[in-house]
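A.B. asks: Contents are mmCIF, C-alpha atoms; file name run.cif:
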data_query
loop_
_atom_site.group_PDB
_atom_site.id
_atom_site.type_symbol
_atom_site.label_atom_id
_atom_site.label_comp_id
_atom_site.auth_asym_id
_atom_site.auth_seq_id
_atom_site.Cartn_x
_atom_site.Cartn_y
_atom_site.Cartn_z
ATOM 1 C CA MET A 1 10.004 18.785 2.557
ATOM 2 C CA GLU A 2 8.154 18.486 -0.727
ATOM 3 C CA ILE A 3 8.215 16.113 -3.697
ATOM 4 C CA ARG A 4 7.493 18.039 -6.893
ATOM 5 C CA LYS A 5 9.383 15.831 -9.375
ATOM 6 C CA VAL A 6 10.693 12.266 -9.244
ATOM 7 C CA ALA A 7 13.341 10.274 -11.131
ATOM 8 C CA VAL A 8 12.768 6.547 -11.616
ATOM 9 C CA ILE A 9 15.904 4.569 -12.472
ATOM 10 C CA GLY A 10 14.992 1.438 -14.420
ATOM 11 C CA SER A 11 12.205 1.189 -17.002
ATOM 12 C CA GLY A 12 11.274 -2.467 -16.573
ATOM 13 C CA VAL A 13 7.746 -3.522 -15.681
ATOM 14 C CA MET A 14 8.010 -2.347 -12.075
ATOM 15 C CA GLY A 15 9.929 0.869 -12.751
ATOM 16 C CA ALA A 16 7.585 1.962 -15.521
ATOM 17 C CA SER A 17 4.540 1.085 -13.403
ATOM 18 C CA ILE A 18 5.828 3.153 -10.472
ATOM 19 C CA ALA A 19 6.394 6.042 -12.908
ATOM 20 C CA ALA A 20 2.796 5.594 -14.106
ATOM 21 C CA HIS A 21 1.442 5.674 -10.550
ATOM 22 C CA LEU A 22 3.324 8.896 -9.856
ATOM 23 C CA ALA A 23 1.963 10.395 -13.074
ATOM 24 C CA ASN A 24 -1.533 9.361 -11.980
ATOM 25 C CA VAL A 25 -1.263 11.568 -8.890
ATOM 26 C CA GLY A 26 0.102 14.517 -10.899
ATOM 27 C CA ILE A 27 3.835 14.222 -10.203
ATOM 28 C CA PRO A 28 6.177 14.704 -13.202
ATOM 29 C CA VAL A 29 8.597 11.818 -13.677
ATOM 30 C CA LEU A 30 12.007 11.423 -15.300
ATOM 31 C CA LEU A 31 12.325 7.760 -16.357
ATOM 32 C CA LEU A 32 15.933 6.710 -16.979
ATOM 33 C CA ASP A 33 17.496 3.454 -18.164
ATOM 34 C CA ILE A 34 20.795 2.307 -19.647
ATOM 35 C CA VAL A 35 21.777 2.993 -23.240
ATOM 36 C CA PRO A 36 21.207 -0.200 -25.295
ATOM 37 C CA LYS A 37 24.424 -1.878 -26.445
ATOM 38 C CA GLU A 38 23.630 -1.270 -30.109
ATOM 39 C CA ALA A 39 23.280 2.488 -29.492
ATOM 40 C CA ILE A 40 26.348 3.139 -27.339
ATOM 41 C CA ASP A 41 28.213 4.844 -30.196
ATOM 42 C CA SER A 42 25.100 6.407 -31.699
ATOM 43 C CA SER A 43 24.054 10.044 -31.479
ATOM 44 C CA ASP A 44 20.431 9.142 -32.249
ATOM 45 C CA LYS A 45 18.489 10.161 -29.148
ATOM 46 C CA LYS A 46 15.608 7.788 -29.885
ATOM 47 C CA ALA A 47 18.002 4.866 -30.238
ATOM 48 C CA ARG A 48 19.759 5.762 -26.987
ATOM 49 C CA ASN A 49 16.417 6.099 -25.176
ATOM 50 C CA ARG A 50 14.930 2.958 -26.743
ATOM 51 C CA LEU A 51 14.340 1.113 -23.442
ATOM 52 C CA GLY A 52 12.428 3.953 -21.878
ATOM 53 C CA LEU A 53 10.388 4.648 -25.008
ATOM 54 C CA ALA A 54 9.472 0.966 -25.235
ATOM 55 C CA ALA A 55 8.344 1.100 -21.602
ATOM 56 C CA LEU A 56 5.934 3.937 -22.396
ATOM 57 C CA LYS A 57 4.390 1.888 -25.195
ATOM 58 C CA ARG A 58 3.943 -1.055 -22.828
ATOM 59 C CA LEU A 59 2.165 1.153 -20.295
ATOM 60 C CA LEU A 60 -0.510 1.936 -22.869
ATOM 61 C CA LYS A 61 -1.122 -1.766 -23.553
ATOM 62 C CA GLN A 62 -0.779 -3.356 -20.106
ATOM 63 C CA LYS A 63 -3.702 -4.976 -18.327
ATOM 64 C CA PRO A 64 -4.769 -4.083 -15.757
ATOM 65 C CA ALA A 65 -4.049 -0.523 -16.917
ATOM 66 C CA PRO A 66 -1.260 1.169 -14.908
ATOM 67 C CA LEU A 67 -2.496 4.630 -15.970
ATOM 68 C CA THR A 68 -5.795 6.052 -14.728
ATOM 69 C CA LYS A 69 -6.042 7.834 -18.092
ATOM 70 C CA THR A 70 -3.786 7.613 -21.127
ATOM 71 C CA ASP A 71 -3.029 11.364 -21.110
ATOM 72 C CA ASN A 72 -1.084 10.864 -17.869
ATOM 73 C CA ILE A 73 1.749 9.402 -19.906
ATOM 74 C CA ARG A 74 2.657 12.967 -20.857
ATOM 75 C CA MET A 75 3.867 13.410 -17.278
ATOM 76 C CA ILE A 76 6.684 10.893 -17.927
ATOM 77 C CA ASP A 77 9.856 12.182 -19.594
ATOM 78 C CA VAL A 78 12.235 9.512 -20.904
ATOM 79 C CA GLY A 79 16.037 9.627 -20.914
ATOM 80 C CA ASN A 80 19.125 7.497 -20.290
ATOM 81 C CA LEU A 81 21.762 7.175 -17.593
ATOM 82 C CA GLU A 82 24.561 8.610 -19.745
ATOM 83 C CA ASP A 83 23.019 11.644 -21.408
ATOM 84 C CA ASP A 84 20.583 12.615 -18.666
ATOM 85 C CA ILE A 85 22.206 11.612 -15.370
ATOM 86 C CA ARG A 86 22.854 15.277 -14.507
ATOM 87 C CA ARG A 87 19.124 15.894 -14.511
ATOM 88 C CA LEU A 88 18.922 14.109 -11.160
ATOM 89 C CA SER A 89 19.695 17.525 -9.689
ATOM 90 C CA GLU A 90 16.168 18.566 -10.793
ATOM 91 C CA VAL A 91 14.269 16.024 -8.695
ATOM 92 C CA ASP A 92 13.226 15.762 -5.059
ATOM 93 C CA TRP A 93 13.139 11.957 -4.970
ATOM 94 C CA THR A 94 15.082 9.346 -6.932
ATOM 95 C CA VAL A 95 13.827 5.754 -6.758
ATOM 96 C CA GLU A 96 15.995 2.911 -8.030
ATOM 97 C CA VAL A 97 14.191 -0.005 -9.686
ATOM 98 C CA VAL A 98 16.984 -1.940 -11.420
ATOM 99 C CA THR A 99 17.811 -5.649 -11.385
ATOM 100 C CA GLU A 100 17.957 -7.351 -7.978
ATOM 101 C CA ARG A 101 21.733 -7.531 -7.655
ATOM 102 C CA LEU A 102 23.536 -5.701 -4.888
ATOM 103 C CA ASP A 103 26.633 -4.924 -6.979
ATOM 104 C CA ILE A 104 24.582 -3.330 -9.766
ATOM 105 C CA LYS A 105 22.513 -1.318 -7.301
ATOM 106 C CA GLN A 106 25.662 -0.042 -5.591
ATOM 107 C CA GLN A 107 27.019 1.138 -8.950
ATOM 108 C CA VAL A 108 23.770 2.960 -9.660
ATOM 109 C CA PHE A 109 23.765 4.622 -6.240
ATOM 110 C CA GLN A 110 27.344 5.760 -6.727
ATOM 111 C CA GLN A 111 26.196 7.669 -9.814
ATOM 112 C CA ILE A 112 23.087 8.980 -8.090
ATOM 113 C CA ASP A 113 25.158 10.239 -5.151
ATOM 114 C CA LYS A 114 27.372 12.153 -7.575
ATOM 115 C CA TYR A 115 24.581 14.050 -9.336
ATOM 116 C CA ARG A 116 21.653 14.308 -6.873
ATOM 117 C CA LYS A 117 20.976 17.556 -5.061
ATOM 118 C CA LYS A 118 21.630 17.571 -1.337
ATOM 119 C CA GLY A 119 18.550 17.005 0.753
ATOM 120 C CA SER A 120 16.770 15.007 -1.944
ATOM 121 C CA ILE A 121 15.358 11.598 -1.030
ATOM 122 C CA VAL A 122 16.839 8.454 -2.587
ATOM 123 C CA SER A 123 15.257 5.030 -2.257
ATOM 124 C CA SER A 124 15.382 1.484 -3.540
ATOM 125 C CA ASN A 125 12.400 -0.587 -4.601
ATOM 126 C CA THR A 126 14.237 -3.809 -3.759
ATOM 127 C CA SER A 127 12.164 -6.839 -2.761
ATOM 128 C CA GLY A 128 14.504 -7.672 0.079
ATOM 129 C CA ILE A 129 18.200 -6.838 -0.459
ATOM 130 C CA SER A 130 19.829 -5.119 2.523
ATOM 131 C CA ILE A 131 19.195 -1.363 2.502
ATOM 132 C CA HIS A 132 22.251 -0.821 4.713
ATOM 133 C CA ALA A 133 24.470 -2.691 2.245
ATOM 134 C CA MET A 134 23.254 -0.531 -0.625
ATOM 135 C CA ALA A 135 24.148 2.650 1.270
ATOM 136 C CA ASP A 136 27.650 1.445 2.119
ATOM 137 C CA GLY A 137 30.283 3.903 0.931
ATOM 138 C CA ARG A 138 27.858 6.694 0.101
ATOM 139 C CA SER A 139 28.067 10.287 1.353
ATOM 140 C CA GLU A 140 26.644 11.281 4.729
ATOM 141 C CA ASP A 141 23.897 13.372 3.120
ATOM 142 C CA PHE A 142 22.954 10.440 0.884
ATOM 143 C CA LYS A 143 22.695 8.107 3.883
ATOM 144 C CA GLN A 144 20.514 10.541 5.842
ATOM 145 C CA TYR A 145 18.019 10.732 2.969
ATOM 146 C CA PHE A 146 18.157 7.078 1.878
ATOM 147 C CA LEU A 147 15.610 4.354 2.630
ATOM 148 C CA GLY A 148 13.830 1.405 1.080
ATOM 149 C CA THR A 149 10.439 1.979 -0.582
ATOM 150 C CA HIS A 150 9.077 -1.400 -1.625
ATOM 151 C CA PHE A 151 6.037 -1.126 -3.892
ATOM 152 C CA PHE A 152 4.033 -4.186 -4.876
ATOM 153 C CA ASN A 153 3.017 -5.172 -8.390
ATOM 154 C CA PRO A 154 0.913 -3.635 -9.887
ATOM 155 C CA PRO A 155 1.612 -0.349 -8.002
ATOM 156 C CA ARG A 156 -1.615 1.337 -9.057
ATOM 157 C CA TYR A 157 -3.746 -1.390 -7.484
ATOM 158 C CA MET A 158 -1.671 -2.846 -4.630
ATOM 159 C CA THR A 159 -2.135 -0.777 -1.478
ATOM 160 C CA LEU A 160 0.861 -1.970 0.530
ATOM 161 C CA LEU A 161 4.061 0.088 0.590
ATOM 162 C CA GLU A 162 6.913 -1.063 2.826
ATOM 163 C CA VAL A 163 9.203 1.749 3.989
ATOM 164 C CA ILE A 164 12.568 0.532 5.296
ATOM 165 C CA PRO A 165 14.892 3.064 6.961
ATOM 166 C CA THR A 166 18.485 2.400 7.957
ATOM 167 C CA GLN A 167 20.249 3.449 11.144
ATOM 168 C CA TYR A 168 21.475 6.521 9.213
ATOM 169 C CA THR A 169 18.101 7.659 7.811
ATOM 170 C CA HIS A 170 17.017 10.950 9.385
ATOM 171 C CA PRO A 171 13.758 10.517 11.351
ATOM 172 C CA LYS A 172 12.223 13.497 9.526
ATOM 173 C CA VAL A 173 12.711 11.655 6.221
ATOM 174 C CA VAL A 174 10.911 8.570 7.546
ATOM 175 C CA ASP A 175 8.049 10.655 8.940
ATOM 176 C CA PHE A 176 7.738 12.678 5.739
ATOM 177 C CA PHE A 177 7.765 9.673 3.435
ATOM 178 C CA LYS A 178 5.218 7.797 5.506
ATOM 179 C CA LYS A 179 2.860 10.768 5.240
ATOM 180 C CA PHE A 180 3.642 11.253 1.534
ATOM 181 C CA GLY A 181 3.025 7.577 0.810
ATOM 182 C CA GLU A 182 -0.326 7.636 2.564
ATOM 183 C CA GLU A 183 -1.662 11.031 1.505
ATOM 184 C CA ALA A 184 -0.141 11.605 -1.955
ATOM 185 C CA LEU A 185 0.272 8.031 -3.211
ATOM 186 C CA GLY A 186 -2.760 6.524 -1.470
ATOM 187 C CA LYS A 187 -0.784 3.688 0.094
ATOM 188 C CA GLY A 188 -1.025 1.751 3.302
ATOM 189 C CA VAL A 189 2.483 2.345 4.604
ATOM 190 C CA VAL A 190 4.151 -0.229 6.846
ATOM 191 C CA LEU A 191 7.523 0.510 8.452
ATOM 192 C CA ALA A 192 9.796 -2.518 8.183
ATOM 193 C CA LYS A 193 13.183 -3.454 9.567
ATOM 194 C CA ASP A 194 16.108 -4.143 7.238
ATOM 195 C CA THR A 195 15.827 -7.928 7.447
ATOM 196 C CA PRO A 196 15.937 -10.361 4.468
ATOM 197 C CA ASN A 197 12.827 -9.702 2.312
ATOM 198 C CA PHE A 198 11.411 -7.369 5.004
ATOM 199 C CA ILE A 199 7.858 -8.380 6.061
ATOM 200 C CA ALA A 200 5.521 -9.290 3.194
ATOM 201 C CA ASN A 201 7.954 -11.261 1.052
ATOM 202 C CA ARG A 202 9.450 -12.975 4.095
ATOM 203 C CA ILE A 203 6.033 -14.308 5.050
ATOM 204 C CA GLY A 204 4.846 -14.785 1.478
ATOM 205 C CA THR A 205 7.777 -16.836 0.206
ATOM 206 C CA TYR A 206 7.716 -19.158 3.215
ATOM 207 C CA GLY A 207 3.951 -19.583 2.945
ATOM 208 C CA LEU A 208 4.145 -20.362 -0.757
ATOM 209 C CA GLN A 209 6.935 -22.872 -0.246
ATOM 210 C CA VAL A 210 4.981 -24.691 2.450
ATOM 211 C CA THR A 211 1.948 -24.741 0.167
ATOM 212 C CA VAL A 212 3.927 -26.175 -2.752
ATOM 213 C CA LYS A 213 5.507 -28.821 -0.508
ATOM 214 C CA GLU A 214 2.078 -29.901 0.731
ATOM 215 C CA MET A 215 0.855 -30.064 -2.877
ATOM 216 C CA LEU A 216 3.741 -32.321 -3.885
ATOM 217 C CA ASP A 217 3.457 -34.538 -0.809
ATOM 218 C CA LYS A 218 -0.321 -35.036 -1.133
ATOM 219 C CA GLY A 219 -0.570 -35.140 -4.921
ATOM 220 C CA TYR A 220 -2.787 -32.086 -5.410
ATOM 221 C CA SER A 221 -3.000 -30.293 -8.766
ATOM 222 C CA VAL A 222 -2.226 -26.611 -9.437
ATOM 223 C CA GLY A 223 -5.958 -25.971 -9.956
ATOM 224 C CA GLU A 224 -6.907 -27.654 -6.696
ATOM 225 C CA VAL A 225 -4.378 -25.576 -4.768
ATOM 226 C CA ASP A 226 -5.617 -22.303 -6.261
ATOM 227 C CA SER A 227 -9.250 -23.232 -5.627
ATOM 228 C CA ILE A 228 -8.651 -23.451 -1.877
ATOM 229 C CA THR A 229 -5.954 -20.774 -1.334
ATOM 230 C CA GLY A 230 -7.866 -17.802 -2.753
ATOM 231 C CA PRO A 231 -11.101 -16.081 -1.619
ATOM 232 C CA LEU A 232 -12.198 -19.267 0.170
ATOM 233 C CA ILE A 233 -9.690 -18.470 2.927
ATOM 234 C CA GLY A 234 -9.895 -14.687 2.633
ATOM 235 C CA ARG A 235 -7.059 -14.186 0.150
ATOM 236 C CA ALA A 236 -6.915 -12.595 -3.300
ATOM 237 C CA LYS A 237 -8.543 -14.466 -6.179
ATOM 238 C CA SER A 238 -5.084 -14.919 -7.730
ATOM 239 C CA ALA A 239 -4.494 -17.455 -4.928
ATOM 240 C CA THR A 240 -1.098 -19.215 -5.065
ATOM 241 C CA PHE A 241 -0.044 -20.047 -8.607
ATOM 242 C CA ARG A 242 -1.814 -17.196 -10.379
ATOM 243 C CA THR A 243 -0.001 -14.850 -7.994
ATOM 244 C CA LEU A 244 3.216 -16.576 -8.928
ATOM 245 C CA ASP A 245 2.437 -15.954 -12.601
ATOM 246 C CA VAL A 246 2.137 -12.219 -11.920
ATOM 247 C CA VAL A 247 5.374 -12.127 -9.938
ATOM 248 C CA GLY A 248 7.304 -14.267 -12.431
ATOM 249 C CA LEU A 249 9.205 -17.438 -11.593
ATOM 250 C CA ASP A 250 12.600 -15.800 -12.139
ATOM 251 C CA THR A 251 11.781 -12.988 -9.708
ATOM 252 C CA TYR A 252 10.240 -15.357 -7.181
ATOM 253 C CA VAL A 253 13.241 -17.705 -7.153
ATOM 254 C CA HIS A 254 15.549 -14.736 -6.574
ATOM 255 C CA VAL A 255 13.393 -13.428 -3.714
ATOM 256 C CA ALA A 256 13.216 -16.863 -2.056
ATOM 257 C CA ASP A 257 16.944 -17.435 -2.509
ATOM 258 C CA ASN A 258 17.663 -14.081 -0.861
ATOM 259 C CA VAL A 259 16.009 -15.287 2.344
ATOM 260 C CA ARG A 260 17.540 -18.762 2.185
ATOM 261 C CA GLU A 261 21.038 -17.318 1.849
ATOM 262 C CA ASN A 262 20.655 -14.824 4.681
ATOM 263 C CA VAL A 263 18.870 -16.624 7.506
ATOM 264 C CA SER A 264 20.314 -18.914 10.142
ATOM 265 C CA ASP A 265 17.249 -21.040 10.928
ATOM 266 C CA GLU A 266 17.861 -24.368 9.189
ATOM 267 C CA LYS A 267 14.164 -25.260 8.974
ATOM 268 C CA GLU A 268 13.469 -22.028 7.126
ATOM 269 C CA ARG A 269 16.477 -22.539 4.863
ATOM 270 C CA GLN A 270 15.311 -26.016 3.895
ATOM 271 C CA ALA A 271 11.790 -24.789 3.153
ATOM 272 C CA LEU A 272 13.134 -22.224 0.705
ATOM 273 C CA LYS A 273 14.882 -24.600 -1.681
ATOM 274 C CA CYS A 274 12.465 -23.442 -4.345
ATOM 275 C CA ARG A 275 14.299 -24.630 -7.450
ATOM 276 C CA ILE A 276 13.773 -28.284 -6.460
ATOM 277 C CA PHE A 277 10.054 -27.675 -5.868
ATOM 278 C CA PHE A 278 9.466 -25.930 -9.156
ATOM 279 C CA ILE A 279 11.378 -28.504 -11.187
ATOM 280 C CA LYS A 280 9.061 -31.155 -9.711
ATOM 281 C CA CYS A 281 5.998 -28.981 -10.393
ATOM 282 C CA SER A 282 7.084 -28.418 -13.999
ATOM 283 C CA LYS A 283 7.528 -32.148 -14.559
ATOM 284 C CA ARG A 284 4.071 -32.826 -13.137
ATOM 285 C CA ALA A 285 2.450 -30.070 -15.237
ATOM 286 C CA GLY A 286 4.320 -31.220 -18.378
#
Using the file provided, produce a representation of the structure as structure tokens.

C.D. replies:
Amino acid sequence: MEIRKVAVIGSGVMGASIAAHLANVGIPVLLLDIVPKEAIDSSDKKARNRLGLAALKRLLKQKPAPLTKTDNIRMIDVGNLEDDIRRLSEVDWTVEVVTERLDIKQQVFQQIDKYRKKGSIVSSNTSGISIHAMADGRSEDFKQYFLGTHFFNPPRYMTLLEVIPTQYTHPKVVDFFKKFGEEALGKGVVLAKDTPNFIANRIGTYGLQVTVKEMLDKGYSVGEVDSITGPLIGRAKSATFRTLDVVGLDTYVHVADNVRENVSDEKERQALKCRIFFIKCSKRAG
């Protein structure tokens, strides 16, 4: 098996950053997104590819820089999911990085299954949605070459890569991608089971919730929490709330809700009622 070209579906912050990381290691990328509503009836290619083109501009301005050098952006070819979907037959790996909704992901995978070449790897960058559920209804070849590949933001700098196979994923695909992730992408690959939020986000969301609860109960400030939950205890300097800023509150709430809605332990469910916590935090900060 060999990965010579990759398609990234979704040109948001994470999708574009994954495309940039692939370009950094010399792999050509096809970056696809939907056609904007205002361009649906247009024949103007730039208008129809507006989302992807805007993503390329963001890559050149982002800090920390997702590209090791600006010339790497030439490795990324932009298109859209209507005009260029057939080009999925050109790639050896297609990674989905669209919004964290199972129904939308299933629609995307239905299209991918139709146009991908047999024997090409397909993966999802989901933060914790069931990999098995995403593969439901897909062809046998799709299922054998499908797995979760959860990168962390920003992909260029974050070493961890969770690889999540399903019961249908061929063992050779898992072995190959683990080696590819380590040797070609420079990642520390961890194999995870298909449980809600896998490993890192399962631990991380619970830990953050417990931290926020302690802050509210004891009357600590945001600054005080970050001063003691960063390098002082062996963690990143972004600590608790600066990490949350990078992730984004909307994304974090979705990730925490995904665990809360899919676990049976009542103590864990109660700890993950994040909307209540963050409303209280916002009132205190305001």

A.B. asks: Show me, as a Markdown table, the residues of segment 79-168 of chain A having an atom within 9 Å of segment 45-61 of chain A, each with the closest atom pair and its distance in Å, using all atoms listed in the file.

C.D. replies:
| residue | atom | partner | partner_atom | distance |
| --- | --- | --- | --- | --- |
| A:Gly79 | CA | A:Asn49 | CA | 5.5 |
| A:Asn80 | CA | A:Asn49 | CA | 5.8 |
| A:Asp83 | CA | A:Arg48 | CA | 8.7 |

A.B. asks: Create the file for the chosen residues now, containing C-alpha atoms and written as an mmCIF file, in the frame of the given file.

C.D. replies:
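selection01.cif, written as the output of this step:
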data_model
loop_
_atom_site.group_PDB
_atom_site.id
_atom_site.type_symbol
_atom_site.label_atom_id
_atom_site.label_comp_id
_atom_site.auth_asym_id
_atom_site.auth_seq_id
_atom_site.Cartn_x
_atom_site.Cartn_y
_atom_site.Cartn_z
ATOM 1 C CA GLY A 79 16.037 9.627 -20.914
ATOM 2 C CA ASN A 80 19.125 7.497 -20.290
ATOM 3 C CA ASP A 83 23.019 11.644 -21.408
#

A.B. asks: Evaluate the PyMOL selection byres ((chain A and resi 5-17) around 8) against this structure - the residues, as an MDAnalysis selection string, please.

C.D. replies: chainID A and resid 3:4 18:21 27:34 51:52 55:56 59 66 88 90:98 153:156

A.B. asks: Compile the contact shell of Leu102 of chain A as a list in words: residues with an atom at most 12 Å away, counting only C-alpha atoms, same-chain residues fewer than 4 positions apart removed.

C.D. replies: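 Once the nearby chain positions are removed, what remains is Glu96, Val97, Val98, Gln106, Gln107, Val108, Phe109, Ser124, Thr126, Ser127, Gly128, Ile129, Ser130, Ile131, His132, Ala133, Met134, Ala135, Asp136 and Asn258 of chain A.
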
A.B. asks: Give me, please, the distance in Å between atom CA of Ser120 of chain A and atom CA of Lys143 of chain A, quoted to one decimal.

C.D. replies: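 Value for the atom CA of Ser120 of chain A-atom CA of Lys143 of chain A distance: 10.8 Å.
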
A.B. asks: With a distance cut-off of 12 Å and only C-alpha atoms, select the neighbouring residues of Glu140 of chain A, excluding the residue or stretch itself and same-chain residues fewer than 2 positions from it, and output the selection as a list in words.

C.D. replies: Asp113, Lys118, Gly119, Ala135, Asp136, Gly137, Arg138, Phe142, Lys143, Gln144, Tyr145, Phe146, Gln167, Tyr168, Thr169 and His170 of chain A

A.B. asks: As an exercise, work out the distance from atom CA of Thr159 of chain A to atom CA of Glu268 of chain A in Å and give it to one decimal place.

C.D. replies: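 Taking atom CA of Thr159 of chain A and atom CA of Glu268 of chain A, their separation equals 27.7 Å.
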
A.B. asks: Quick one: residues within 8 Å of segment 269-274 of chain A, all atoms listed in the file, excluding same-chain residues fewer than 2 positions away - as a ChimeraX atom specification?

C.D. replies: /A:205-206,209-210,253,256-257,259-261,263-267,276-278

A.B. asks: Output C-alpha atoms for every residue in that selection, as a PDB file, keeping the file's coordinate frame.

C.D. replies:
ATOM      1  CA  THR A 205       7.777 -16.836   0.206  1.00  0.00           C
ATOM      2  CA  TYR A 206       7.716 -19.158   3.215  1.00  0.00           C
ATOM      3  CA  GLN A 209       6.935 -22.872  -0.246  1.00  0.00           C
ATOM      4  CA  VAL A 210       4.981 -24.691   2.450  1.00  0.00           C
ATOM      5  CA  VAL A 253      13.241 -17.705  -7.153  1.00  0.00           C
ATOM      6  CA  ALA A 256      13.216 -16.863  -2.056  1.00  0.00           C
ATOM      7  CA  ASP A 257      16.944 -17.435  -2.509  1.00  0.00           C
ATOM      8  CA  VAL A 259      16.009 -15.287   2.344  1.00  0.00           C
ATOM      9  CA  ARG A 260      17.540 -18.762   2.185  1.00  0.00           C
ATOM     10  CA  GLU A 261      21.038 -17.318   1.849  1.00  0.00           C
ATOM     11  CA  VAL A 263      18.870 -16.624   7.506  1.00  0.00           C
ATOM     12  CA  SER A 264      20.314 -18.914  10.142  1.00  0.00           C
ATOM     13  CA  ASP A 265      17.249 -21.040  10.928  1.00  0.00           C
ATOM     14  CA  GLU A 266      17.861 -24.368   9.189  1.00  0.00           C
ATOM     15  CA  LYS A 267      14.164 -25.260   8.974  1.00  0.00           C
ATOM     16  CA  ILE A 276      13.773 -28.284  -6.460  1.00  0.00           C
ATOM     17  CA  PHE A 277      10.054 -27.675  -5.868  1.00  0.00           C
ATOM     18  CA  PHE A 278       9.466 -25.930  -9.156  1.00  0.00           C
TER      19      PHE A 278
END

A.B. asks: Would you please work out which residue, of A:Glu2, A:Asp141, A:Asp245, A:Glu38, is nearest to Lys179 of chain A when using only C-alpha atoms?

C.D. replies: A:Glu2

A.B. asks: Which residue, A:Ile164, A:Val25, A:Leu216, A:Val174, has the smallest gap to Ile73 of chain A when you use only C-alpha atoms?

C.D. replies: A:Val25

A.B. asks: Measuring between all atoms listed in the file, which one of A:Pro231, A:Thr211, A:Val247, A:Asn24 shows the shortest distance to Ala65 of chain A?

C.D. replies: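 Once distances to Ala65 of chain A are computed over all atoms listed in the file, the minimum belongs to A:Asn24.
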
A.B. asks: Using Å and a single decimal, report how far atom CA of Ser221 of chain A sits from atom CA of Val255 of chain A.

C.D. replies: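 Computed distance, atom CA of Val255 of chain A to atom CA of Ser221 of chain A, equals 24.1 Å.
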
A.B. asks: Determine the axis-aligned bounding box of all atoms of segment 85-96 of chain A present in the file, pad each side by 3 Å, and express its centre and edge lengths in Å to one decimal place as AutoDock Vina command-line options.

C.D. replies:
--center_x 18.0 --center_y 10.7 --center_z -10.2 --size_x 15.7 --size_y 21.7 --size_z 16.4

A.B. asks: Mind telling me what the PyMOL selection byres ((chain A and resi 162) around 10) catches here, as a PDB file with C-alpha atoms, in the frame of the given file?

C.D. replies:
ATOM      1  CA  ASN A 125      12.400  -0.587  -4.601  1.00  0.00           C
ATOM      2  CA  SER A 127      12.164  -6.839  -2.761  1.00  0.00           C
ATOM      3  CA  GLY A 148      13.830   1.405   1.080  1.00  0.00           C
ATOM      4  CA  THR A 149      10.439   1.979  -0.582  1.00  0.00           C
ATOM      5  CA  HIS A 150       9.077  -1.400  -1.625  1.00  0.00           C
ATOM      6  CA  PHE A 151       6.037  -1.126  -3.892  1.00  0.00           C
ATOM      7  CA  PHE A 152       4.033  -4.186  -4.876  1.00  0.00           C
ATOM      8  CA  LEU A 160       0.861  -1.970   0.530  1.00  0.00           C
ATOM      9  CA  LEU A 161       4.061   0.088   0.590  1.00  0.00           C
ATOM     10  CA  VAL A 163       9.203   1.749   3.989  1.00  0.00           C
ATOM     11  CA  ILE A 164      12.568   0.532   5.296  1.00  0.00           C
ATOM     12  CA  PRO A 165      14.892   3.064   6.961  1.00  0.00           C
ATOM     13  CA  LYS A 178       5.218   7.797   5.506  1.00  0.00           C
ATOM     14  CA  GLY A 181       3.025   7.577   0.810  1.00  0.00           C
ATOM     15  CA  LYS A 187      -0.784   3.688   0.094  1.00  0.00           C
ATOM     16  CA  GLY A 188      -1.025   1.751   3.302  1.00  0.00           C
ATOM     17  CA  VAL A 189       2.483   2.345   4.604  1.00  0.00           C
ATOM     18  CA  VAL A 190       4.151  -0.229   6.846  1.00  0.00           C
ATOM     19  CA  LEU A 191       7.523   0.510   8.452  1.00  0.00           C
ATOM     20  CA  ALA A 192       9.796  -2.518   8.183  1.00  0.00           C
ATOM     21  CA  LYS A 193      13.183  -3.454   9.567  1.00  0.00           C
ATOM     22  CA  PHE A 198      11.411  -7.369   5.004  1.00  0.00           C
ATOM     23  CA  ILE A 199       7.858  -8.380   6.061  1.00  0.00           C
ATOM     24  CA  ALA A 200       5.521  -9.290   3.194  1.00  0.00           C
TER      25      ALA A 200
END
